[in-house]
Every structure is written in structure tokens, then in C-alpha cells.
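A.B. asks: Sharing a structure here in C-alpha cells format.
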Amino acid sequence: MTNFDSRHCHKWAQLIADRKEKLNQAVCAIEKQDSEAAIKLTSQIFGGVMGKQSDPGMAGSLLYHMAMVTKMESETQVLLDELKVKLPNVTSTLNKIYGAFYDDAKELTKNIMRLDFDANVIAETKHLNSEEKIALFTKLKQSQKAIEAQIANKDPKAAQALEKLFNDWAQQVVLMRFTQEYETIKGLLILTELVKTHGYEAVEAAMQRVKDEFGQKTVNIALDVTLKVGMRREKLQSVMLADHFINMKMDGSTLDGRMTFLNCPIHGGHGYAQEKYGVDPKVSTLFCNNFCFAHAKAMLDTVLPFPFTLWQPKLMAKDGVCEYYLKMAYSPEAKNDERFVPLVMSYNVTRECNMKCNHCYINATEKKLEDELSTEEAKMVIDQIHQVSSPLLILSGGEPLLRKDIYELIEYGTKKGLKIGLGSNGYLIDDAVAKKLKTAGIATVSISIDSSIPAQHDAFRGVEGAWEKSVNACKALRNNGILVQVNTTLTHDNYDQIDDIMTLAESIGVENFHLFFLVPTGRGVKLEDISPQKYEEMITKTFGKVHKHRLNVKPSCAPQFMRIAQGMGLDMRQWVRGCLAGMHYCRIYPNGDVTPCPYLPIKLGNIKEQSFKDVWFNSEVFKNMRDLNTLKGKCGACEFKTVCGGCRARAYGLSSDFIDYCGDLHVPAEQKKDYLTEDPWCVYQPKSKQQSPQGAVNSHPHNKV
């Protein structure tokens with residue numbers, strides 16, 4: 001029997017017990033000299049295991065409890081600062097409630113470890129800063145590697161060393177869990193006193209004023225540590241939810257989802273305080289409504305690639321469960337029942353560019369288009385988009401920073417509720433520009449790096465010194481807290497450098513890496529592409545290297561990556577579909593023309609002549625792209641067409657008539673060829689159709705194998 005509700009408060013103890021059992025199994029495996037099994041178990045103990053029986057491992061639990069300590073102590077301090085009051089004395093009641101939790105812990109761990117973390121120890125324990133947290137994780141990783149080497153070398157002292165390592169890190173995890181609980185109870189008691197002296201309404205108003213800043217700050221601290229200790233951004237969500245029993249469902253067809261927390265360690269401590277010491281339950285709802293909501297929102301914003309709106313229909317303090325409902329790209333101006341809305345859009349704000357890239361799909365030049373949209377017309381584009389959804393809007397070019405009003409457009413789109421990204425060559429970005437982008441509200445910036453060899457990148461981009469400028473741009477953006485993505489276009493020249501480019505990107509603080517596959521549009525028609533077989537091989541190789549890097553890796557313009565990822569058993573939850581064009585993505589040209597994507601230059605309308613909403617919902621091309629039954633050839637017969645769909649631009653662009661007609665200036669134009677035919681650059685043969693009526697992939701006259 002425990003004083004606190006075990007389901008809410010003591011999952012940490014169950015996880016420690018489970019790892020202790022794995023430790024015993026690992027020791028037995030070492031004694032039997034089964035090094036492979038022992039190393040696997042050691043990895044699970046410290047690094048965790050995902051799946052139905054998810055365990056974040058010692059590293060994950062430590063990170064989670066560290067983050068929760070930051071969250072709980074920040075809640076208290078930010079509120080005291082906002083109300084401009086001193087810390088009330090709640091020590092007596094705090095020590096009594098914490099003492100009951102400590103008694104629980106001693107009972108639950110009596111057969112696992114020795115505890116010595118009473119209230120005085122916790123009160124006097126110095127909280128770690130980010131550098132100290134990172135040092136702890138680094139030590140853990142180094143110790144784990146050393147133990148695994150001992151096991152592999154069949155060192156007779158390996159078992160003893162593993163047991164000591166387990167005990168050392170179990171103590172660290174428990175210390176953080178105890179500190180978390182101490183700060184939780186302390187925060188509840190302080191908030192109770194503040195409500196007594198200032199009134200419920202005044203305290204709630206103060207929490208509402210600071211909640212968004214609080215949520216972002218606490219998640220940023222956790223993210224900073226997560227990335228620097230070698231975990232990927234998307235793992236933050238799993239780690240942060242490590243102490244909860246959760247049901248999470250996302251529906252790709254409706255672009256919404258629900259996340260239900262069945263337990264909450266905060267609620268457990270609050271429940272005990274209410275039962276034993278008469279704390280008002282209404283005080284707990286203040287945490288749920290404000291700080292917990294803001295923290296959850298900031299966390300989801302960190303790991304989800306597309307904008308979303310979040311609601312909290314059920315509160316743990318009131319309903320016994322905590323439930324969040326989210327809608328992707330929700331706009332209050334749009335209908336809620338539309339299945340196909342933009343999640344991400346590209347807006348080529350200018351064709352003007354300061355580089356001369358060999359592969360440019362827009363055939364950018366030193367001069368802007370004469371009919372380029374004005375500032376007010378560009379804002380009108382944003383307004384019209386918001387009538388359909390609130391997507392991630394990528395402002396691209398040419399070079400978008402050559403537009404004098406670019407910061408004004410970023411700020412306008414951000415205030416409108418869109419998530420704004422920037423696609424740049426990086427040449428103009430230094431620390432001052434990065435600061436201006438951050439102030440304007442930019443969410444993410446993608447920078448092109450096409451080689452690990454500076455001279456080769458410069459030759460590809462047509463400007464000397466371009467590589468150095470790109471690398472320095474990434475550093476400046478990261479130093480200003482902006483999420484950075486490196487884009488690399490795959491060619492014959494850099495085919496063997498992808499791993500080196502990924503390593504370079506990682507070394508300068510980049511988190512996202514997109515590998516672009518050439519599509520024959522713009523000046524790209526003059527380049528000799530790699531073969532379809534090499535496309536397949538490169539996607540597989542790149543995914544195979546993911547474990548070596550902290551990068552979030554995604555192939556672009558190669559929708560077959562979804563089939564390959566599924567076959568490799570990769571986590572695909574962060575991806576909606578291989579090709580989003582026409583379903584959840586489109587492009588706007590500098591003059592306002594709307595096309596399905598930058599590489600499929602079929603003009604569907606112009607926002608100066610008709611509304612974006614009208615084009616998006618009524619274009620026959622868009623309607624056809626959303627109907628999978630319209631796909632032809634092997635794409636139409638493929639069992640992966642729901643998740644892949646084939647590249648419509650490549651199917652269209654590899655038509656000889658199209659290339660002869662348009663040359664290398666692929667401005668939006670009327671449809672000339674079939675965008676629904678099979679993707680000729682996919683080597684896969686559907687199970688239901690081993691021979692495509694359109695012939696083998698190598699039979700097309702423009703396939704350069």
C-alpha cells in the first residue's frame with residue numbers, strides 16, 4: 001500500500017524494477033558469455049526500447065525528470081515574478097507531504113536500491129544547469145560504451161561493472177524524480193497561498209499572461225539538452241511522455257487527433273494534498289488550464305512538422321484524465337469538414353537570385369519578374385491561404401532575402417496564424433540577418449549545401465565562396481535559436497558524399513536534412529540524372545545511416561521513400577504521404593500563378609484573377625490528384641499508392657514533347673502532357689501488376705541510366 005496513488009505517481013518505480021530485471025538477465029548472459037544478448041539488454045536498460053512496452057531507458061527517464069524539475073520550479077518562479085511577490089513559507093506542510101512520498105519510494109524500491117533523499121537533502125540539492133545535465137548524459141554514454149566493450153571482450157569484471165553502472169544511474173534518476181515531486185508539492189502549496197492572498201481570478205489572469213512564454217522556455221531547455229546529448233527532436237515527445245499512460249490517435253484523413261493522458265504524477269501529488277491537507281481542487285485546475293496546456297502545446301509544436309491548433313476538452317484535475325484534441329493547419333476562417341487542405345505551401349516570392357545554380361527549377365535570374373506581386377498583393381496571398389487553412393508557408397525564390405519587404409511578409413504571415421519558413425541559399429545570412437528573421441517570427445530556414453567539398457558546392461551554385469556562406473548561415477541561425485534544415489540535391493558528383501554532408505550538417509547544429517532528387521524542370525533538364533536503381537539504392541542507404549546521426553532525415557521528390565521506409569520498419573508517423581502535391585501542398589509563383597508543386601508547372605489559376613480558395617477546391621487537376629483511381633500504369637495498380645502516389649512532376653516532366661516545348665524556362669503554363677501517368681523513375685513492380693503496360697522503367701527516351 002502507498003500513500004500516493006501508485007498509477008499516477010509511481011510509474012518511475014515500476015520502470016526501475018523492470019530495468020533491474022533486465023540487469024539480472026544481462027548478468028546471466030555475461031556469465032554464459034552470450035555477449036550479443038548482454039549488449040542488447042544493456043542498450044535497452046540505458047537507451048530504452050520503443051513499442052507497446054515502451055521504456056525510455058535510464059537516459060530517457062533522466063531527461064524527462066530533469067525537464068519536469070525545470071517545468072515545476074519555473075511555474076512557481078514565473079508566477080511570483082509576474083505578481084511581484086515574495087516566496088511564501090510553506091516548508092512545514094511541504095516536508096510532511098514529501099515525507100509521505102518518500103515513504104512510498106522506500107517501500108517500492110526496498111529490493112532494488114538504497115535511498116537517502118529525505119526532504120532536507122532535496123531542499124539543499126543544487127539544480128543542474130544545461131551544461132551540467134549534458135555532462136551527466138555524456139558520462140552515461142561513455143560509461144555504457146565502456147561496459148559494452150568489456151562485455152564484447154568477455155572481461156570477467158564486466159558483470160560487476162554493469163551492476164555498479166546500473167546503481168549509479170538509478171540513483172540519478174530517482175534523485176531527479178524526488179526533486180520533481182518536491183517542486184510539484186511546493187508549487188501547489190505556493191499557488192494555494194497566492195490564491196488566498198490575491199484571489200483566484202487575479203492569479204488566473206497572471207498565469208494566462210505568462211503561460212505561452214513559460215511553455216516555450218521550458219520546452220526549449222529540454223530540447224537543447226535532448227539535441228546536445230545525441231537524441232533526435234522527434235524523440236523528445238516520447239521521452240517527455242515517459243511517465244504517463246497514454247492513448248494517442250492521429251487520423252490522416254481528417255488531419256486531427258486526440259492524446260489522452262490516463263495518469264499524471266502532478267495530479268497524484270495534488271490528490272494527496274487535497275485529501276490530507278484540504279487543498280482546494282480548483283487550484284489544481286489552474287495548472288491544467290494554463291501551465292500544463294502551454295507546456296503540451298510547446299512540446300507538440302517542437303515535434304510536429306505542420307502547424308496545429310490545440311484544445312483541452314478534459315482536465316486531469318477535474319475529469320481524472322487529461323485529453324488534448326488537435327487539428328492540423330486549422331484556420332477559423334475555413335470549413336472544418338474539408339479533407340484536403342494545405343499543410344505546407346511554397347511561395348516563390350521572387351525569381352531574382354544572386355546565384356546561378358545548374359539545377360534551378362524556376363530558372364532564377366538577376367532581375368525580378370515585371371509582374372511580381374507587390375507587398376500588398378503578397379499579403380493578399382496570405383489572407384487567401386488563411387481562408388483555406390493555416391499551413392507551413394515556405395517563402396522561397398530565387399533568393400527571398402532579395403525582397404526588401406521579406407521581414408514584413410514573415411511578420412504578417414506569423415501574426416495571421418501561419419507557420420512561416422524560408423528557403424534560402426544562405427549567402428546573405430549573417431548574425432544580424434538571423435536576428436531580424438527571429439524577431440519577425442520565422443519558424444524554420446532551409447539552407448542548400450550540395451557538397452562536403454567547398455569548391456564543388458561553389459561550382460554547382462555558380463558563385464565562389466557560396467559553401468562558406470551556407471555553413472556560416474546555418475551557424476548564425478542556430479545561434480539565434482532558429483530551426484535549420486539542410487537541403488542537398490543528389491547528383492552524380494555528390495552521390496558518394498551524402499554521409500559526409502550529413503555529418504557536416506550535424507556538426508554545425510542542424511537538425512533536419514532533406515535529400516532532394518532531381519526533377520527535370522527549369523535548368524534541371526540539362527543535368528544528367530542518376531538512374532532509377534541508384535535512386536532506390538540511395539534512399540535505402542540514407543535511411544540505413546539514420547542511426548549514426550541525430551538528424552531528422554527525409555527524401556524529397558522521391559515519394560517511393562514511404563514504401564522503402566515501411567519495408568525497413570521505420571517510424572513513419574511524422575510523414576503524411578510520399579507526394580503531397582495537390583492533396584496537402586501546392587506552389588504559388590512570383591506573379592500569383594498557382595501550380596501543384598514547383599516542379600509541375602501547370603497553371604491552375606492566378607490569385608489576382610480568382611481566389612486561392614476557388615483554385616484549391618475547384619481545379620480539375622487538383623481533383624484528379626486527390627482521386628487515387630485516376631492514377632495510371634503501375635502507379636494506379638500499386639498497393640503503395642495511398643502512401644506514395646508516385647512523383648506527378650517526374651511523370652509529367654520526362655515527356656519529350658514537354659521538354660522540347662518548354663525548353664529550360666518552366667514558367668507556369670497550360671497542361672501539355674499527362675501528369676497522371678506512372679512515375680518512370682520508380683523501379684518497383686506492383687504485386688498485382690508485375691509488367692506495366694507502359695513498359696519497363698528504362699524504356700523511356702529520357703531515362704538516363
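Chain labels follow the order of the C-alpha cells: the first chain is A, the next B, and so on; residue numbering restarts at 1 in every chain, and ligands are counted from 1 in their shown order.
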Let's see if you can do this: from backbone DSSP, list all helix (DSSP H, G or I) residues in region 6-89 of chain A, as a VMD selection string.

C.D. replies: chain A and resid 6 to 9 11 to 31 35 to 47 57 to 83

A.B. asks: Would you mind listing what lies within 12 Å of Arg209 (chain A) as a list in words, with only C-alpha atoms counted and same-chain residues fewer than 2 positions away left out?

C.D. replies: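 Everything that qualifies: Val78, Leu79, Asp81, Glu82, Leu83, Ala202, Val203, Glu204, Ala205, Ala206, Met207, Lys211, Asp212, Glu213, Phe214, Gly215, Asn290, Phe291 and Ala294 of chain A.
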
A.B. asks: Go ahead and save the residues from that selection, with all heavy atoms, as a CSV table (one decimal), in the first residue's frame.

C.D. replies:
```csv
chain,number,residue,atom,x,y,z
A,78,VAL,N,8.0,32.0,-12.3
A,78,VAL,CA,7.4,32.9,-13.2
A,78,VAL,C,6.2,33.6,-12.7
A,78,VAL,O,5.9,34.8,-13.0
A,78,VAL,CB,7.1,32.2,-14.6
A,78,VAL,CG1,5.9,31.3,-14.5
A,78,VAL,CG2,6.9,33.2,-15.7
A,79,LEU,N,5.4,32.9,-11.9
A,79,LEU,CA,4.2,33.5,-11.3
A,79,LEU,C,4.5,34.5,-10.2
A,79,LEU,O,3.9,35.6,-10.1
A,79,LEU,CB,3.3,32.4,-10.7
A,79,LEU,CG,1.9,32.7,-10.3
A,79,LEU,CD1,1.2,33.4,-11.5
A,79,LEU,CD2,1.1,31.5,-9.9
A,81,ASP,N,7.2,36.2,-10.1
A,81,ASP,CA,7.8,37.4,-10.8
A,81,ASP,C,6.6,38.2,-11.4
A,81,ASP,O,6.7,39.5,-11.3
A,81,ASP,CB,8.7,37.0,-11.9
A,81,ASP,CG,10.0,36.4,-11.3
A,81,ASP,OD1,10.3,36.6,-10.1
A,81,ASP,OD2,10.7,35.7,-12.1
A,82,GLU,N,5.7,37.6,-12.0
A,82,GLU,CA,4.6,38.3,-12.6
A,82,GLU,C,3.7,39.1,-11.6
A,82,GLU,O,3.3,40.2,-11.8
A,82,GLU,CB,3.7,37.3,-13.4
A,82,GLU,CG,2.5,37.9,-14.1
A,82,GLU,CD,2.9,38.9,-15.2
A,82,GLU,OE1,4.0,38.8,-15.7
A,82,GLU,OE2,2.0,39.7,-15.6
A,83,LEU,N,3.5,38.4,-10.4
A,83,LEU,CA,2.7,39.1,-9.4
A,83,LEU,C,3.5,40.0,-8.5
A,83,LEU,O,3.0,40.7,-7.6
A,83,LEU,CB,2.0,38.0,-8.5
A,83,LEU,CG,0.9,37.2,-9.1
A,83,LEU,CD1,0.5,36.0,-8.3
A,83,LEU,CD2,-0.3,38.1,-9.5
A,202,ALA,N,-7.4,36.9,-10.1
A,202,ALA,CA,-6.1,37.6,-10.3
A,202,ALA,C,-5.0,36.7,-10.6
A,202,ALA,O,-4.1,37.0,-11.5
A,202,ALA,CB,-5.8,38.5,-9.1
A,203,VAL,N,-4.9,35.6,-9.9
A,203,VAL,CA,-3.9,34.6,-10.1
A,203,VAL,C,-4.0,33.9,-11.5
A,203,VAL,O,-3.0,33.8,-12.2
A,203,VAL,CB,-3.9,33.5,-9.0
A,203,VAL,CG1,-2.9,32.4,-9.4
A,203,VAL,CG2,-3.5,34.1,-7.7
A,204,GLU,N,-5.3,33.6,-11.9
A,204,GLU,CA,-5.5,33.0,-13.2
A,204,GLU,C,-5.1,34.0,-14.3
A,204,GLU,O,-4.5,33.6,-15.3
A,204,GLU,CB,-7.0,32.6,-13.3
A,204,GLU,CG,-7.3,31.9,-14.6
A,204,GLU,CD,-8.7,31.4,-14.7
A,204,GLU,OE1,-9.6,32.1,-14.2
A,204,GLU,OE2,-8.9,30.4,-15.3
A,205,ALA,N,-5.4,35.3,-14.1
A,205,ALA,CA,-5.1,36.3,-15.1
A,205,ALA,C,-3.6,36.4,-15.3
A,205,ALA,O,-3.0,36.5,-16.4
A,205,ALA,CB,-5.7,37.6,-14.8
A,206,ALA,N,-2.9,36.3,-14.2
A,206,ALA,CA,-1.4,36.4,-14.2
A,206,ALA,C,-0.8,35.1,-14.9
A,206,ALA,O,0.1,35.3,-15.7
A,206,ALA,CB,-0.8,36.4,-12.8
A,207,MET,N,-1.4,34.0,-14.7
A,207,MET,CA,-0.9,32.7,-15.4
A,207,MET,C,-1.2,32.8,-16.9
A,207,MET,O,-0.3,32.4,-17.7
A,207,MET,CB,-1.6,31.5,-14.7
A,207,MET,CG,-1.2,31.3,-13.3
A,207,MET,SD,-2.2,29.9,-12.6
A,207,MET,CE,-1.1,28.5,-13.0
A,211,LYS,N,1.8,32.2,-19.6
A,211,LYS,CA,1.8,30.8,-19.9
A,211,LYS,C,2.6,30.5,-21.2
A,211,LYS,O,3.3,29.5,-21.3
A,211,LYS,CB,0.4,30.2,-19.9
A,211,LYS,CG,-0.5,30.7,-21.0
A,211,LYS,CD,-1.9,30.1,-20.9
A,211,LYS,CE,-2.8,30.5,-22.1
A,211,LYS,NZ,-4.1,29.8,-22.0
A,212,ASP,N,2.3,31.2,-22.3
A,212,ASP,CA,3.0,30.9,-23.6
A,212,ASP,C,4.5,31.0,-23.5
A,212,ASP,O,5.2,30.1,-24.0
A,212,ASP,CB,2.4,31.8,-24.7
A,212,ASP,CG,1.0,31.4,-25.0
A,212,ASP,OD1,0.6,30.3,-24.8
A,212,ASP,OD2,0.3,32.3,-25.6
A,213,GLU,N,4.9,32.1,-22.9
A,213,GLU,CA,6.4,32.3,-22.7
A,213,GLU,C,7.0,31.2,-21.8
A,213,GLU,O,8.0,30.6,-22.1
A,213,GLU,CB,6.7,33.7,-22.1
A,213,GLU,CG,8.2,34.0,-22.0
A,213,GLU,CD,8.4,35.3,-21.3
A,213,GLU,OE1,7.4,36.1,-21.2
A,213,GLU,OE2,9.6,35.6,-21.0
A,214,PHE,N,6.3,30.8,-20.8
A,214,PHE,CA,6.7,29.8,-19.9
A,214,PHE,C,6.8,28.4,-20.6
A,214,PHE,O,7.8,27.7,-20.5
A,214,PHE,CB,5.7,29.6,-18.7
A,214,PHE,CG,5.7,28.3,-18.1
A,214,PHE,CD1,6.6,27.8,-17.2
A,214,PHE,CD2,4.6,27.4,-18.5
A,214,PHE,CE1,6.6,26.5,-16.7
A,214,PHE,CE2,4.6,26.1,-18.0
A,214,PHE,CZ,5.6,25.7,-17.1
A,215,GLY,N,5.8,28.1,-21.4
A,215,GLY,CA,5.7,26.8,-22.1
A,215,GLY,C,6.9,26.7,-23.1
A,215,GLY,O,7.6,25.7,-23.1
A,290,ASN,N,-3.6,26.2,-17.7
A,290,ASN,CA,-2.6,27.2,-18.1
A,290,ASN,C,-1.2,26.6,-18.3
A,290,ASN,O,-0.8,26.5,-19.5
A,290,ASN,CB,-2.6,28.4,-17.1
A,290,ASN,CG,-3.9,29.1,-17.0
A,290,ASN,OD1,-4.2,29.9,-17.8
A,290,ASN,ND2,-4.6,28.9,-15.9
A,291,PHE,N,-0.5,26.3,-17.3
A,291,PHE,CA,0.8,25.8,-17.5
A,291,PHE,C,1.0,24.5,-18.2
A,291,PHE,O,1.8,24.3,-19.0
A,291,PHE,CB,1.6,25.9,-16.1
A,291,PHE,CG,1.8,27.2,-15.6
A,291,PHE,CD1,1.9,27.5,-14.3
A,291,PHE,CD2,2.0,28.3,-16.5
A,291,PHE,CE1,2.2,28.8,-13.8
A,291,PHE,CE2,2.3,29.6,-16.0
A,291,PHE,CZ,2.4,29.8,-14.7
A,294,ALA,N,0.1,25.0,-21.8
A,294,ALA,CA,1.1,25.7,-22.6
A,294,ALA,C,2.3,24.8,-22.8
A,294,ALA,O,3.0,24.9,-23.9
A,294,ALA,CB,1.5,27.0,-21.8
```

A.B. asks: Show which residues sit within 8 Å of Cys322 (chain A), as a ChimeraX atom specification. Count only C-alpha atoms, and ignore same-chain residues fewer than 3 positions away.

C.D. replies: /A:260-263,312,314-316,319

A.B. asks: Selection from above, N, CA and C atoms, as a short mmCIF file (atom, residue, chain, number, x, y, z; two decimals), in the first residue's frame, can you write it?

C.D. replies:
```
data_model
loop_
_atom_site.label_atom_id
_atom_site.label_comp_id
_atom_site.auth_asym_id
_atom_site.auth_seq_id
_atom_site.Cartn_x
_atom_site.Cartn_y
_atom_site.Cartn_z
N THR A 260 -4.73 11.27 -25.02
CA THR A 260 -5.34 11.15 -23.70
C THR A 260 -4.32 10.64 -22.69
N PHE A 261 -4.12 11.39 -21.62
CA PHE A 261 -3.24 11.00 -20.53
C PHE A 261 -4.09 10.31 -19.46
N LEU A 262 -3.80 9.05 -19.20
CA LEU A 262 -4.58 8.31 -18.21
C LEU A 262 -4.01 8.47 -16.81
N ASN A 263 -2.78 8.94 -16.73
CA ASN A 263 -2.21 9.21 -15.41
C ASN A 263 -1.36 10.46 -15.46
N GLN A 312 -8.19 21.51 -25.08
CA GLN A 312 -8.09 20.60 -23.94
C GLN A 312 -9.49 20.34 -23.37
N LYS A 314 -10.71 17.84 -21.72
CA LYS A 314 -10.79 17.20 -20.40
C LYS A 314 -9.55 17.56 -19.58
N LEU A 315 -9.78 17.90 -18.31
CA LEU A 315 -8.69 18.25 -17.41
C LEU A 315 -8.48 17.14 -16.39
N MET A 316 -7.22 16.83 -16.11
CA MET A 316 -6.92 15.80 -15.12
C MET A 316 -7.49 16.17 -13.75
N ASP A 319 -11.51 15.95 -14.42
CA ASP A 319 -12.12 14.76 -15.03
C ASP A 319 -11.40 13.45 -14.73
#
```

A.B. asks: Point out the residue among A:Phe293, A:Tyr585, A:Phe513, A:Tyr599 with the least atom-to-atom distance to Tyr325 (chain A), counting only C-alpha atoms.

C.D. replies: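 The shortest atom-to-atom distance to Tyr325 (chain A) comes from A:Phe293.
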
A.B. asks: Please identify all polymer residues within 7 Å of Pro342 (chain A), counting only C-alpha atoms, omitting same-chain residues fewer than 5 positions from it, and present them as a PyMOL selection string.

C.D. replies: chain A and resi 389+391+584-585

A.B. asks: In Å, how far is it from CA of Gln44 (chain A) to CA of Val219 (chain A)?

C.D. replies: 25.4 Å

A.B. asks: CA of Lys436 (chain A) to CA of Ile221 (chain A): how many Å, to one decimal?

C.D. replies: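 That distance, rounded to one decimal, is 22.4 Å.
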
A.B. asks: Name all residues at most 7 Å from Ser451 (chain A) (count only C-alpha atoms; drop same-chain ones fewer than 2 positions away) and give them as a CSV table (one decimal) with all heavy atoms, in the first residue's frame.

C.D. replies:
```
chain,number,residue,atom,x,y,z
A,449,ILE,N,23.1,23.0,-49.1
A,449,ILE,CA,24.5,22.6,-49.1
A,449,ILE,C,24.6,21.3,-50.0
A,449,ILE,O,24.1,20.3,-49.6
A,449,ILE,CB,25.1,22.3,-47.7
A,449,ILE,CG1,25.0,23.6,-46.9
A,449,ILE,CG2,26.5,21.8,-47.8
A,449,ILE,CD1,25.5,23.4,-45.4
A,453,ILE,N,32.6,19.3,-50.1
A,453,ILE,CA,33.8,19.9,-50.6
A,453,ILE,C,33.5,21.3,-51.1
A,453,ILE,O,32.7,21.5,-52.0
A,453,ILE,CB,34.3,19.1,-51.8
A,453,ILE,CG1,34.6,17.6,-51.4
A,453,ILE,CG2,35.6,19.7,-52.4
A,453,ILE,CD1,34.9,16.7,-52.6
A,454,PRO,N,34.0,22.3,-50.5
A,454,PRO,CA,33.6,23.7,-50.8
A,454,PRO,C,33.7,24.1,-52.3
A,454,PRO,O,32.7,24.7,-52.8
A,454,PRO,CB,34.6,24.6,-50.0
A,454,PRO,CG,35.0,23.7,-48.8
A,454,PRO,CD,35.0,22.3,-49.3
A,456,GLN,N,33.4,22.2,-54.9
A,456,GLN,CA,32.4,21.5,-55.6
A,456,GLN,C,31.0,22.2,-55.5
A,456,GLN,O,30.3,22.3,-56.4
A,456,GLN,CB,32.4,20.1,-55.2
A,456,GLN,CG,31.5,19.2,-56.1
A,456,GLN,CD,31.7,17.7,-55.8
A,456,GLN,OE1,32.8,17.2,-55.7
A,456,GLN,NE2,30.6,17.0,-55.7
A,457,HIS,N,30.7,22.5,-54.2
A,457,HIS,CA,29.5,23.2,-54.0
A,457,HIS,C,29.4,24.6,-54.7
A,457,HIS,O,28.4,24.9,-55.3
A,457,HIS,CB,29.3,23.5,-52.5
A,457,HIS,CG,28.1,24.3,-52.1
A,457,HIS,ND1,26.9,23.9,-51.8
A,457,HIS,CD2,28.0,25.7,-52.0
A,457,HIS,CE1,26.0,24.8,-51.6
A,457,HIS,NE2,26.7,26.0,-51.6
A,494,ASN,N,27.9,14.3,-56.3
A,494,ASN,CA,27.9,14.2,-54.8
A,494,ASN,C,27.3,12.9,-54.3
A,494,ASN,O,27.1,12.7,-53.1
A,494,ASN,CB,27.2,15.4,-54.2
A,494,ASN,CG,25.7,15.4,-54.5
A,494,ASN,OD1,25.1,14.5,-55.0
A,494,ASN,ND2,25.0,16.5,-54.1
A,497,GLN,N,28.9,11.4,-51.3
A,497,GLN,CA,29.3,12.4,-50.3
A,497,GLN,C,28.1,12.6,-49.3
A,497,GLN,O,28.3,13.3,-48.3
A,497,GLN,CB,29.6,13.8,-50.9
A,497,GLN,CG,30.8,13.8,-51.8
A,497,GLN,CD,31.0,15.2,-52.3
A,497,GLN,OE1,30.7,16.2,-51.6
A,497,GLN,NE2,31.5,15.3,-53.5
A,501,ILE,N,28.1,14.9,-46.0
A,501,ILE,CA,27.2,16.1,-45.9
A,501,ILE,C,26.4,16.1,-44.6
A,501,ILE,O,26.2,17.1,-43.9
A,501,ILE,CB,26.4,16.3,-47.1
A,501,ILE,CG1,27.3,16.5,-48.4
A,501,ILE,CG2,25.4,17.5,-47.0
A,501,ILE,CD1,26.5,16.5,-49.7
```

A.B. asks: Do a neighbour search on Thr630 (chain A) at 9 Å with only C-alpha atoms, toss out local chain neighbours closer than 4 positions, and write the hits as JSON, numbers by chain.

C.D. replies: {"A": [624, 625, 626, 636, 676, 677]}

A.B. asks: Those same residues, written as an mmCIF file, in the first residue's frame with N, CA and C atoms?

C.D. replies:
```cif
data_model
loop_
_atom_site.group_PDB
_atom_site.id
_atom_site.type_symbol
_atom_site.label_atom_id
_atom_site.label_comp_id
_atom_site.auth_asym_id
_atom_site.auth_seq_id
_atom_site.Cartn_x
_atom_site.Cartn_y
_atom_site.Cartn_z
ATOM 1 N N ASN A 624 -8.319 15.613 -59.659
ATOM 2 C CA ASN A 624 -7.777 14.359 -60.179
ATOM 3 C C ASN A 624 -6.650 13.828 -59.295
ATOM 4 N N MET A 625 -5.806 14.722 -58.796
ATOM 5 C CA MET A 625 -4.676 14.295 -57.970
ATOM 6 C C MET A 625 -5.147 13.744 -56.631
ATOM 7 N N ARG A 626 -6.337 14.149 -56.204
ATOM 8 C CA ARG A 626 -6.873 13.664 -54.927
ATOM 9 C C ARG A 626 -7.642 12.359 -55.086
ATOM 10 N N GLY A 636 -1.153 3.296 -60.724
ATOM 11 C CA GLY A 636 -2.563 3.032 -60.458
ATOM 12 C C GLY A 636 -2.807 1.658 -59.883
ATOM 13 N N LEU A 676 -0.834 12.176 -64.757
ATOM 14 C CA LEU A 676 -1.383 11.038 -64.013
ATOM 15 C C LEU A 676 -0.762 9.710 -64.423
ATOM 16 N N THR A 677 0.170 9.750 -65.377
ATOM 17 C CA THR A 677 0.802 8.513 -65.808
ATOM 18 C C THR A 677 1.756 8.011 -64.734
#
```

A.B. asks: Identify, with DSSP run on backbone atoms, the residues in region 363-605 of chain A assigned to strand (DSSP E or B), and express the list as an NGL selection string.

C.D. replies: :A and (365 or 392-396 or 419-424 or 444-448 or 483-490 or 512-517 or 552-556 or 581 or 585-588 or 593-595 or 597 or 600 or 602 or 605)

A.B. asks: Might you pull out every residue within 6 Å of Leu422 (chain A), with only C-alpha atoms counted and same-chain residues fewer than 5 positions away left off, and present them as a ChimeraX atom specification?

C.D. replies: /A:394-396,445
